[in-house]
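Trainee: Structure provided below as structure tokens; questions to follow.
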Amino acid sequence: MKNIDEFPKKEKFYHRHIGSSYNEIKSMLKTLKYSSIEDFIKKVIPEEIRLNKKLNIPNDISEYQYLNHINNIGKKNKIYKSYIGLGYRNTILPSVIQRNILENPGWYTPYTPYQAEISQGRLEALINFQTIISDITKMKISNASMLDESSAAGDAMFMVYKKKIKEKQISSNHSFFVSNETLPQIINVLRTRCFGLGIELIEDHHENITSYYKNKNLFGLLIPYPSCLGEIYDYSKLVSFSKENNISIIVSANLLSLVLLKPPGEWGADVVIGSTQSFGMPMGYGGPHAAFFSTNEQYKRFIPGRIIGISIDKNKRKSFRMAIQTREQHIKREKATSNICTSQVLPAIISSMYALYHGKIGLIRIANNIHNYTKKLEYLLSFCKNIYQINKFYFDTIRVKFNFSIEKIKNISEIKKINFRYLNNNHLTISLDETTNEKDLYHILEIFYESNNNKFCKKIIDNQCYQFLEENKLKIPFFLKRKSNFFKNKLFNNFYSENELIRYIKRLEKKDLSLNHSMIPLGSCTMKLNSSTGLLSITKNEWKDLHPCVPNNQSIGYQFIIEKLKNYLKEITGLPGVTLQPNSGSQGEYTGLMMIKSFFYSKKEFQRNVALIPSSSHGTNPASASMAGMKIILIKNKIDGSIDIDDLIKKTKKYKDYLSVLMITYPSVHGIYEKNIKIIIKIIHKYGGQVYMDGANMNAQVGLIKPGDLGIDICHLNLHKTFAIPHGGGGPGMGPVCVKSHLIPFLPTNPYDINKKINNKIKKLAISSSPYGSSLILTISYAYIRLLGPDGLKICTEISLLNANYIKNKLINYYKILYVGKNNMVAHELIIDCKSFKSIGIEVNDIAKRMMDYGFHAPTISFPVEGSMMIEPTESESKKEIDRFIETLIEIRNEIKEIENGKFSKENNVIKNSPHSIHTLTNNLWDYPYSREKAAYPLPWVRKYKFWPTVDRVIDGYGDRNLICSYSCN
């Protein structure tokens with residue numbers, strides 16, 4: 001299909017994905033004075049960068065065909081019983097949570113809760129999460145989740161390091177110690193982080209730390225609890241030594257074990273990190289899983305990620321908001337203590353609901369069951385000759401030594417469809433979980449009996465089980481047994497029945513505005529339709545129940561999807577190398593920079609550490625560069641929003657011997673296609689630098705432009721934006737990185753391979769806990785590409801550009817449009833200036849709050865320009881919805897005029913008092929100079945589409961001055 005005007009008779013998926021009808025598209029084109037979409041695109045995108053051929057990917061298929069296709073691929077995955085451990089367990093996700101949260105667009109389509117008044121449901125669920133983590137770890141403050149356990153460990157180290165540097169407690173030449181019994185993926189990610197920052201990483205048994213202290217200037221250490229081999233150590237001597245020598249203690253903990261074990265907060269930890277995967281989230285071949293991060297109050301201004309706090313609204317009613325947002329990377333930029341942008345909100349909420357559903361009693365019961373089955377397995381294995389359990393203490397993992405062929409065990413395990421973690425030729429570990437039962441124990445025992453040429457007799461084993469009950473011995477040290485209480489707040493004792501939990505879930509859901517209600521027109525966030533068809537596979541057993549370390553012959557379906565998706569992304573970007581490991585866009589940025597650093601390291605150009613960053617680049621770029629240990633030099637922008645080439649040349653020449661990378665966003669965050677992009681890239685290459693493109697705005701390129709054709713060396717892609725993975729209220733996300741051929745050797749390696757040492761030439765990088773990041777949700781982007789095909793992908797880009805320019809055309813007489821490109825056009829987003837309203841007391845935030853009364857989430861505010869709104873409609877929104885949005889902004893402009901004309905005062909008007917909750921509107925007292933109807937139903941159609949904010953305007957400062965991030969015991 002060559003043109004949007006030529007809709008075929010056969011229904012296509014993009015007819016459903018694109019919001020506007022054929023006639024609506026024609027109407028918008030007519031408004032803009034174009035006869036066809038092709039004529040329009042010629043004016044928007046500079047001809048010299050436009051792709052002149054069709055993408056070489058398979059043609060589109062129907063939704064019915066796709067469902068048959070993905071089901072057949074899924075059958076290629078083999079679902080064995082995995083006892084591998086390594087931070088991943090089989091779980092039982094309560095059906096009430098799966099059906100009403102994981103599969104519910106009311107929960108998976110909202111945006112990050114920056115607008116607190118229409119996000120109270122998610123915010124409450126997240127403060128539940130924080131309370132759960134603080135209660136279980138016994139730390140004072142927890143954030144609202146991290147990307148995964150390994151990146152949480154890396155950020156913990158970075159946080160401690162930055163704080164001590166800032167407070168001048170240490171110099172920059174200090175070292176960090178990690179126990180060699182920490183999860184291998186954590187150690188490998190720490191290796192990468194330390195390489196970026198120039199920190200020496202010491203890996204050894206924790207008992208040997210004293211031998212390093214004097215010569216290595218240790219500033220921190222990380223220890224596992226329990227270890228990745230299952231052992232539970234007494235760290236009391238290590239803690240005393242660390243406290244005496246100002247060494248910060250980070251603990252990587254098994255969350256479920258802490259309901260039985262003495263929590264790290266009670267024995268000296270400064271930071272506790274880990275994964276909440278065991279709280280109901282499926283393994284999903286590696287993710288997505290919410291990591292937790294808890295620490296002491298001294299770190300509250302340094303803690304990475306987002307923190308939810310309790311505040312009040314203007315009527316002094318309790319409300320929730322994202323606390324101390326001044327820490328966030330968009331604001332602090334290179335001074336941020338993390339570059340985390342997307343977190344894992346949806347998995348965090350699922351895990352919090354799992355904890356609420358089971359409560360304290362339920363969690364202890366689950367943990368005790370796992371521990372008792374583990375003890376029983378050890379006891380029964382002791383009756384098998386030549387088998388020895390090594391761990392003195394453990395929770396759910398035993399370490400087994402055997403004196404016979406490991407190949408025999410592997411062969412029999414394969415036949416019986418069971419996976420263990422093989423350490424070497426005569427050691428393995430077995431990690432049990434909440435799905436384990438008596439039958440599973442027998443299957444495990446059969447393997448060892450047969451491997452040792454013993455005859456397995458169930459009757460004898462059953463008799464031994466009775467004996468076990470009499471001889472049951474404690475396998476948790478008595479001095480490390482948990483004595484402190486947790487979940488004392490009444491909230492954690494309300495939801496043992498499905499009836500009560502489902503009502504609670506629905507009460508929270510109704511407080512949140514999502515794509516179910518209206519468009520969410522956020523610039524740089526691309527909140528498009530997440531098709532039901534694309535999401536169906538993630539709850540299928542053959543996709544959700546795979547451990548990320550199973551042999552490749554058990555993951556053939558996943559390998560097929562991964563390779564196909566890589567090939568599609570290579571074709572879309574024009575870049576021949578791809579990694580799917582980064583599980584957020586910000587992590588993709590960091591990955592790209594570390595690959596560039598490794599590239600120059602291999603050439604022995606160690607001095608190249610300068611990152612040039614224009615102010616029109618994405619906000620997380622400076623934070624990512626800082627984490628990569630780079631020196632940041634800002635490049636000016638011209639009045640029209642384009643990069644100031646004179647300033648670029650001046651600074652490139654100045655730093656030519658130190659130049660590492662130019663970080664650009666394309667189209668820029670100003671919403672324009674940089675006409676001189678090829679010239680800019682040639683300048684950087686001339687002086688030996690690399691060019692990194694932030695892929696936040698890839699929705700304006702797919703099918704029309706290839707970054708590789710522009711000369712880009714490396715870029716990341718936001719699959720949770722351009723390629724339709726749901727935003728999830730702030731995560732999960734995926735940020736694959738695509739590279740030119742010379743950077744392929746530096747792509748991230750498998751994070752589980754602890755023996756893959758860094759050689760002298762190439763730094764082997766590990767970025768995330770899983771080789772393919774949040775693998776489970778890769779199927780969503782695969783579905784998106786297969787359902788659209790090359791024509792559909794191109795049309796989606798064209799319509800996103802059309803929608804943005806249509807909005808610009810309609811608003812230009814009411815608001816100042818800040819930046820436009822060639823032919824007075826914008827790309828897929830536009831920026832309107834609201835600073836001129838300050839003279840009458842109206843801030844851009846006031847307009848954002850008033851939009852809630854119309855049933856809309858505000859566009860991105862004050863980024864990239866203070867006092868502005870950045871609008872991105874996406875291709876999924878219909879002309880009807882876009883027109884309602886336009887009418888909203890026009891009507892608000894009329895309300896501003898009423899203030900300008902003196903009809904209402906600067907202090908008491910419908911905008912400054914917004915949003916108006918039901919509580920305010922139904923109050924007997926109404927002392928406002930406008931009607932209740934004007935407040936609640938400012939336009940006739942609002943009655944039909946009304947979304948009610950559940951609180952009035954939240955007072956931000958109160959929550960920061962009185963920081964409360966978890967529930968009390970009441």
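By convention in this document, the chains of the structure tokens carry letters A, B, ... by their order, each chain's residues are numbered from 1, and ligands are numbered from 1 in the order they are shown.
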Please provide as a PyMOL selection string all residues within 9 Å of segment 853-862 of chain A, with the sequence filter that same-chain residues fewer than 3 positions apart are discarded (counting only C-alpha atoms).
Mentor: chain A and resi 111+115+118+513-514+517-525+844-845+847-850+865-872+885+888+914-917+935-939+942+945-949
Trainee: Pick out each residue of segment 75-240 of chain A that DSSP on the backbone tags as strand (DSSP E); I need them as number ranges by chain.
Mentor: A: 81-82, 141-142, 175-179, 200-204, 218-225
Trainee: Contacts of Phe393 of chain A at 12 Å or less, counting only C-alpha atoms, minus same-chain residues fewer than 5 places along, as a PyMOL selection string?
Mentor: chain A and resi 225-227+229-234+261+371+374-375+378+398-399+473-481
Trainee: Counting only C-alpha atoms, what is within 9 Å of Ser741 of chain A, bar same-chain residues fewer than 5 positions away, as a list in words?
Mentor: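 With the cut-off at 9 Å, the set is Leu575, Pro576, Gly577 and Asp713 of chain A.
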Trainee: Write out, as a PDB file, in the first residue's frame, the residues just selected, with C-alpha atoms.
Mentor:
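Saved to result-v5.pdb:
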```
ATOM      1  CA  LEU A 575      22.229  -0.505  12.365  1.00  0.00           C
ATOM      2  CA  PRO A 576      23.601  -4.083  12.234  1.00  0.00           C
ATOM      3  CA  GLY A 577      24.125  -4.831  15.954  1.00  0.00           C
ATOM      4  CA  ASP A 713      26.883   5.194  15.613  1.00  0.00           C
TER       5      ASP A 713
END
```
Trainee: Could you name the residues that touch Met283 of chain A at 8 Å or less, counting only C-alpha atoms, but leaving out those on the same chain fewer than 6 positions away, as a list in words?
Mentor: Tyr88, Arg89, Asn90, Thr91, Gln277, Lys544, Asp545, Leu546, His547 and Pro548 of chain A
Trainee: Using only C-alpha atoms, can you tell me which of A:Glu542, A:Pro184, A:Pro790, A:Ser179 comes closest to Ile556 of chain A?
Mentor: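 Among the listed residues, A:Glu542 lies closest to Ile556 of chain A.
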